[in-house]
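Some notes on the structure that comes next.
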Amino acid sequence: MAENGLMEKLVSLAKRRGFVFQSSEIYGGLGSVWDYGPLGVELKRNIRDLWWQDMVRSRPDIEGLDAGILMHPSVWEASGHVEEFTDPLVECRNCHRRFRADEVTNQCPVCGTKDQFTPPRMFNLMFRTFMGAVEDEAAQVYIRPETAQGIYVNFLNVLNSSRQRVPFGIAQIGKAFRNEITPGNFIFRTREFEQMEMQFFVKPGTEGEWFEYWKNARFEWVVSLGIREKKLRLHQHTPDELAHYAVEAHDIEYEFPFGWHEFEGIHNRTDFDLTQHQERSGKKLEYVDAAANERYIPYVIETSGGVDRLLLVVLADAYREEEVGGEKRVVLGLKPELAPIKAAVFPLVKKDGMPEVARKIAADLRREFPIFYDETGSIGRRYRRQDEAGTPFAITIDGQTLEDQTVTVRDRDTLEQERVAADALAPYLRKAIG
Ligand code: ATP
């Protein structure tokens, strides 16, 4: 399949099946903001839940947090974002379109004019707004461009209330906003997005081994989602790629239809952020190790991933087209844990009492799993629609069900059909979904 065509196919499938819609579409859309539809919101939730389970609930050494999007403006001065969170912007003198200087050559990608870019100027990516009823400098606040700072300013609150000891981590999932100069590639680069971040606080001197640990752990987690390993790689930042707060960074990259790009970063942020906040706020942000009679500002290893970008990885990796019995089918081969709908329930025909039995089975299963019920159209068409939605199992109620209370369960990938007792469906799905 031409990889170029794949993005268009994904955007179209995402809309057709209710994964992702353009924001404010009836008004012509809002640049680079996307809305998640009925299937998209489930898929996104599954991604977040699997991350939260892996990073927070299954570990004794990581605590969760949900900090506000708006923070004291001094946070962003201390963190360096007011000064440094910038991209070089150039404008084409002919068509007046603006671009990130590091993403263009000497030729304007829109109008084709050569050597007509203005000299680059630094453009701050933070959105600003006003808090309260006055619109002046004093009331200006920033809309967070990363969730990490909410973690740093709560370092002592979490430490003291949870009774953790270093090394330990704080994790958070939440929205972040960046006024990107050139957003694009569907949900890859948007101005409003969601991050899943974890800051792991360690004793200075041990950051090297923890960096290795987290780099490997995060890569393995992505593989555990069923993403093909040949499409994944780690990329180490060169000194000029490093963000202002990092001394070492590795990106986990995926081979998107538009090339290899990052969707998660592992960063050694040293003691930069906590030191900055200590100086600016005048509050001690040290860790006291009473047993060892030591006090220090911990170093931080950060894992920072984007929910939306990972969702694009998941969709791109799962999409396939196949020929079955001379007919084309589109399949989203999502791992069952990720699939928005776990099983579809179909009466073979809309008569002979089959819909009643099928509806009862669907209602029973719905107590535990997201289930889709459909009784209209040919069974082939109904299967095909669920293949596109990534539904791993289709349960069909047929003539035999009425005699022996068994149903067929069709596997989305192998297309094999198995007869299963209706009252054994819940354990069957539980086992298959893992
Ligand atoms: P890029 O180089 O692509 O702009 P970055 O290096 O600035 O990304 P980080 O600041 O490390 O990214 O952010 C961590 C993660 O947050 C990224 O790996 C990505 O998944 C997500 N992310 C960052 N910016 C965006 C965006 N504009 N749209 C969607 N996701 C984003």
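The way I read the labels, and the way they are meant: chains A, B, ... in the order of the structure tokens, residue 1 as the first residue of every chain, and ligand 1 as the first ligand shown, with later ones counted on from there.
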
With a distance cut-off of 8 Å and only C-alpha atoms, select the neighbouring residues of region 146-149 of chain A, excluding the residue or stretch itself and same-chain residues fewer than 6 positions from it, and output the selection as a ChimeraX atom specification. /A:67,69,75,79,172-177,195,197-199

Give me the chain A side of the contact with ligand 1, cut-off 10 Å, one line per residue showing its nearest atom pair and distance in Å at one decimal, counting only C-alpha atoms and all ligand atoms, sorted by chain and residue number, as a Markdown table.
```
| residue | atom | partner | partner_atom_place_in_ligand_line | distance |
| --- | --- | --- | --- | --- |
| A:Ser32 | CA | ligand 1 | 28 (N) | 8.9 |
| A:Val33 | CA | ligand 1 | 28 (N) | 9.4 |
| A:Phe85 | CA | ligand 1 | 7 (O) | 9.1 |
| A:Thr86 | CA | ligand 1 | 7 (O) | 10.0 |
| A:Asp87 | CA | ligand 1 | 4 (O) | 9.3 |
| A:Leu125 | CA | ligand 1 | 27 (N) | 9.7 |
| A:Pro145 | CA | ligand 1 | 10 (O) | 8.2 |
| A:Glu146 | CA | ligand 1 | 10 (O) | 7.0 |
| A:Thr147 | CA | ligand 1 | 16 (O) | 9.5 |
| A:Ala148 | CA | ligand 1 | 10 (O) | 9.9 |
| A:Lys175 | CA | ligand 1 | 30 (N) | 9.9 |
| A:Ala176 | CA | ligand 1 | 25 (C) | 8.2 |
| A:Phe177 | CA | ligand 1 | 27 (N) | 7.4 |
| A:Arg178 | CA | ligand 1 | 27 (N) | 5.9 |
| A:Asn179 | CA | ligand 1 | 27 (N) | 7.8 |
| A:Glu180 | CA | ligand 1 | 27 (N) | 6.1 |
| A:Ile181 | CA | ligand 1 | 27 (N) | 9.4 |
| A:Thr182 | CA | ligand 1 | 27 (N) | 9.0 |
| A:Pro183 | CA | ligand 1 | 27 (N) | 6.6 |
| A:Gly184 | CA | ligand 1 | 28 (N) | 8.6 |
| A:Asn185 | CA | ligand 1 | 28 (N) | 9.7 |
| A:Phe186 | CA | ligand 1 | 28 (N) | 9.5 |
| A:Ile187 | CA | ligand 1 | 29 (C) | 6.4 |
| A:Phe188 | CA | ligand 1 | 29 (C) | 5.2 |
| A:Arg189 | CA | ligand 1 | 28 (N) | 3.5 |
| A:Thr190 | CA | ligand 1 | 28 (N) | 4.0 |
| A:Arg191 | CA | ligand 1 | 27 (N) | 5.3 |
| A:Glu192 | CA | ligand 1 | 28 (N) | 6.7 |
| A:Phe193 | CA | ligand 1 | 29 (C) | 5.1 |
| A:Glu194 | CA | ligand 1 | 30 (N) | 6.8 |
| A:Gln195 | CA | ligand 1 | 16 (O) | 5.6 |
| A:Met196 | CA | ligand 1 | 16 (O) | 7.8 |
| A:Glu197 | CA | ligand 1 | 14 (C) | 8.0 |
| A:His237 | CA | ligand 1 | 6 (O) | 9.8 |
| A:Glu241 | CA | ligand 1 | 6 (O) | 8.5 |
| A:Leu242 | CA | ligand 1 | 6 (O) | 8.4 |
| A:Ala243 | CA | ligand 1 | 6 (O) | 7.4 |
| A:Ala249 | CA | ligand 1 | 11 (O) | 9.0 |
| A:His250 | CA | ligand 1 | 11 (O) | 9.5 |
| A:Asp251 | CA | ligand 1 | 18 (O) | 7.3 |
| A:Ile252 | CA | ligand 1 | 18 (O) | 7.9 |
| A:Glu253 | CA | ligand 1 | 18 (O) | 8.6 |
| A:His261 | CA | ligand 1 | 3 (O) | 7.3 |
| A:Glu262 | CA | ligand 1 | 18 (O) | 5.3 |
| A:Phe263 | CA | ligand 1 | 18 (O) | 3.8 |
| A:Glu264 | CA | ligand 1 | 18 (O) | 3.6 |
| A:Gly265 | CA | ligand 1 | 11 (O) | 5.2 |
| A:Ile266 | CA | ligand 1 | 11 (O) | 7.9 |
| A:His267 | CA | ligand 1 | 11 (O) | 8.1 |
| A:Glu302 | CA | ligand 1 | 11 (O) | 9.5 |
| A:Thr303 | CA | ligand 1 | 14 (C) | 8.1 |
| A:Ser304 | CA | ligand 1 | 14 (C) | 4.7 |
| A:Gly305 | CA | ligand 1 | 15 (C) | 4.2 |
| A:Gly306 | CA | ligand 1 | 20 (O) | 3.2 |
| A:Val307 | CA | ligand 1 | 20 (O) | 6.7 |
| A:Asp308 | CA | ligand 1 | 29 (C) | 6.1 |
| A:Arg309 | CA | ligand 1 | 20 (O) | 5.1 |
| A:Leu310 | CA | ligand 1 | 20 (O) | 6.8 |
| A:Leu311 | CA | ligand 1 | 20 (O) | 9.7 |
| A:Leu312 | CA | ligand 1 | 29 (C) | 9.9 |
```

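Put simply, CA of Leu402 (chain A) is 27.0 Å away from CA of Ile433 (chain A).
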
Would you mind telling me which residue in A:Glu248, A:Glu77, A:Glu416, A:Glu8 lies nearest to Glu279 (chain A) when using only C-alpha atoms? A:Glu77

At a cut-off of 8 Å, using only C-alpha atoms, what residues contact region 96-99 of chain A? Leave out same-chain residues fewer than 4 positions from it and give the result as a PDB file with N, CA, C and O atoms, in the first residue's frame.
```
ATOM      1  N   LEU A  89      10.715  31.334  13.719  1.00  0.00           N
ATOM      2  CA  LEU A  89       9.633  31.522  12.748  1.00  0.00           C
ATOM      3  C   LEU A  89      10.126  32.381  11.583  1.00  0.00           C
ATOM      4  O   LEU A  89      10.797  33.386  11.778  1.00  0.00           O
ATOM      5  N   VAL A  90       9.792  31.954  10.363  1.00  0.00           N
ATOM      6  CA  VAL A  90      10.085  32.791   9.193  1.00  0.00           C
ATOM      7  C   VAL A  90       8.789  33.017   8.431  1.00  0.00           C
ATOM      8  O   VAL A  90       7.868  32.203   8.499  1.00  0.00           O
ATOM      9  N   GLU A  91       8.741  34.153   7.720  1.00  0.00           N
ATOM     10  CA  GLU A  91       7.543  34.449   6.935  1.00  0.00           C
ATOM     11  C   GLU A  91       7.937  34.637   5.477  1.00  0.00           C
ATOM     12  O   GLU A  91       8.967  35.259   5.177  1.00  0.00           O
ATOM     13  N   CYS A  92       7.129  34.089   4.574  1.00  0.00           N
ATOM     14  CA  CYS A  92       7.388  34.265   3.144  1.00  0.00           C
ATOM     15  C   CYS A  92       6.899  35.671   2.764  1.00  0.00           C
ATOM     16  O   CYS A  92       5.743  36.010   2.992  1.00  0.00           O
ATOM     17  N   GLU A 103      12.010  23.744   9.375  1.00  0.00           N
ATOM     18  CA  GLU A 103      11.215  22.790   8.590  1.00  0.00           C
ATOM     19  C   GLU A 103      11.137  23.170   7.111  1.00  0.00           C
ATOM     20  O   GLU A 103      10.479  22.497   6.332  1.00  0.00           O
ATOM     21  N   VAL A 104      11.799  24.286   6.729  1.00  0.00           N
ATOM     22  CA  VAL A 104      11.760  24.680   5.310  1.00  0.00           C
ATOM     23  C   VAL A 104      13.177  24.866   4.767  1.00  0.00           C
ATOM     24  O   VAL A 104      14.134  25.061   5.524  1.00  0.00           O
ATOM     25  N   VAL A 110       4.442  26.781   0.112  1.00  0.00           N
ATOM     26  CA  VAL A 110       3.078  27.102  -0.330  1.00  0.00           C
ATOM     27  C   VAL A 110       3.070  27.741  -1.721  1.00  0.00           C
ATOM     28  O   VAL A 110       2.433  27.251  -2.642  1.00  0.00           O
ATOM     29  N   ILE A 181       3.680  26.547  15.237  1.00  0.00           N
ATOM     30  CA  ILE A 181       3.711  27.367  14.019  1.00  0.00           C
ATOM     31  C   ILE A 181       3.165  26.562  12.841  1.00  0.00           C
ATOM     32  O   ILE A 181       2.381  27.068  12.039  1.00  0.00           O
ATOM     33  N   THR A 182       3.602  25.316  12.732  1.00  0.00           N
ATOM     34  CA  THR A 182       3.096  24.494  11.632  1.00  0.00           C
ATOM     35  C   THR A 182       2.536  23.170  12.164  1.00  0.00           C
ATOM     36  O   THR A 182       3.229  22.160  12.177  1.00  0.00           O
TER      37      THR A 182
END
```

Could you find all residues in region 193-350 of chain A that DSSP calls strand (DSSP E or B) from the backbone, and write them as a ChimeraX atom specification? /A:193-202,232-236,248-256,259-270,287-289,294-296,299-306,319-324,327-332,343-347

Can you build me a table of region 192-272 of chain A residues sitting at most 9 Å from region 295-300 of chain A, with the closest atom pair per residue and its distance in Å to one decimal, using only C-alpha atoms, sorted by chain and residue number, as CSV?
```
residue,atom,partner,partner_atom,distance
A:Gln199,CA,A:Val300,CA,6.1
A:Phe200,CA,A:Val300,CA,5.4
A:Phe201,CA,A:Val300,CA,4.7
A:Val202,CA,A:Tyr299,CA,5.2
A:Lys203,CA,A:Pro298,CA,5.3
A:Pro204,CA,A:Tyr299,CA,5.5
A:Gly205,CA,A:Tyr299,CA,8.4
A:Thr206,CA,A:Tyr299,CA,8.5
A:Glu207,CA,A:Tyr299,CA,6.6
A:His267,CA,A:Val300,CA,8.2
A:Asn268,CA,A:Val300,CA,6.1
A:Arg269,CA,A:Val300,CA,5.4
A:Thr270,CA,A:Tyr299,CA,4.5
A:Asp271,CA,A:Tyr299,CA,4.5
A:Phe272,CA,A:Tyr299,CA,8.0
```

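If you measure from each of A:Pro38, A:Leu10, A:Asp102, A:Phe155 to Phe372 (chain A) using only C-alpha atoms, the closest one turns out to be A:Pro38.
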
Out of A:Ser378, A:Ala389, A:Ser58, A:Lys342, which residue has the shortest atom-to-atom distance to Val409 (chain A) when counting only C-alpha atoms?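 Going through A:Ser378, A:Ala389, A:Ser58, A:Lys342 one by one, the smallest distance to Val409 (chain A) is for A:Lys342.
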
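Among A:Phe168, A:Val134, A:Asp289, A:Glu375, the residue with the shortest atom-to-atom distance to Trp210 (chain A), counting only C-alpha atoms, is A:Phe168.
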
As a ChimeraX atom specification, please: every residue in region 28-217 of chain A that DSSP puts in alpha helix (DSSP H). /A:38-52,73-78,81-84,148-152,155-162,207-217

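Residues lying within 6 Å of Val345 (chain A), counting only C-alpha atoms and ignoring same-chain neighbours fewer than 2 positions away, are Tyr373, Ala394, Ile395 and Thr396 of chain A.
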
Give me, as CSV, the closest atom pair and its distance (Å, one decimal) for every residue of region 13-118 of chain A within a cut-off of 10 Å of region 218-232 of chain A, counting only C-alpha atoms, rows sorted by chain and rising number.
```
residue,atom,partner,partner_atom,distance
A:Ile47,CA,A:Leu225,CA,8.9
A:Leu50,CA,A:Leu225,CA,8.8
A:Trp51,CA,A:Trp221,CA,8.4
A:Asp54,CA,A:Trp221,CA,8.1
A:Met55,CA,A:Arg218,CA,9.6
```

Could you state the separation of CA of Tyr36 (chain A) and CA of Lys15 (chain A) in Å, given to one decimal place?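 These two atoms are separated by 9.4 Å.
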
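When CA of Arg410 (chain A) is paired with CA of Pro392 (chain A), their separation reads 8.3 Å.
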
In terms of only C-alpha atoms, the residue from A:Ala217, A:Leu425, A:Leu285, A:Leu70 at minimal distance from Asn154 (chain A) is A:Leu285
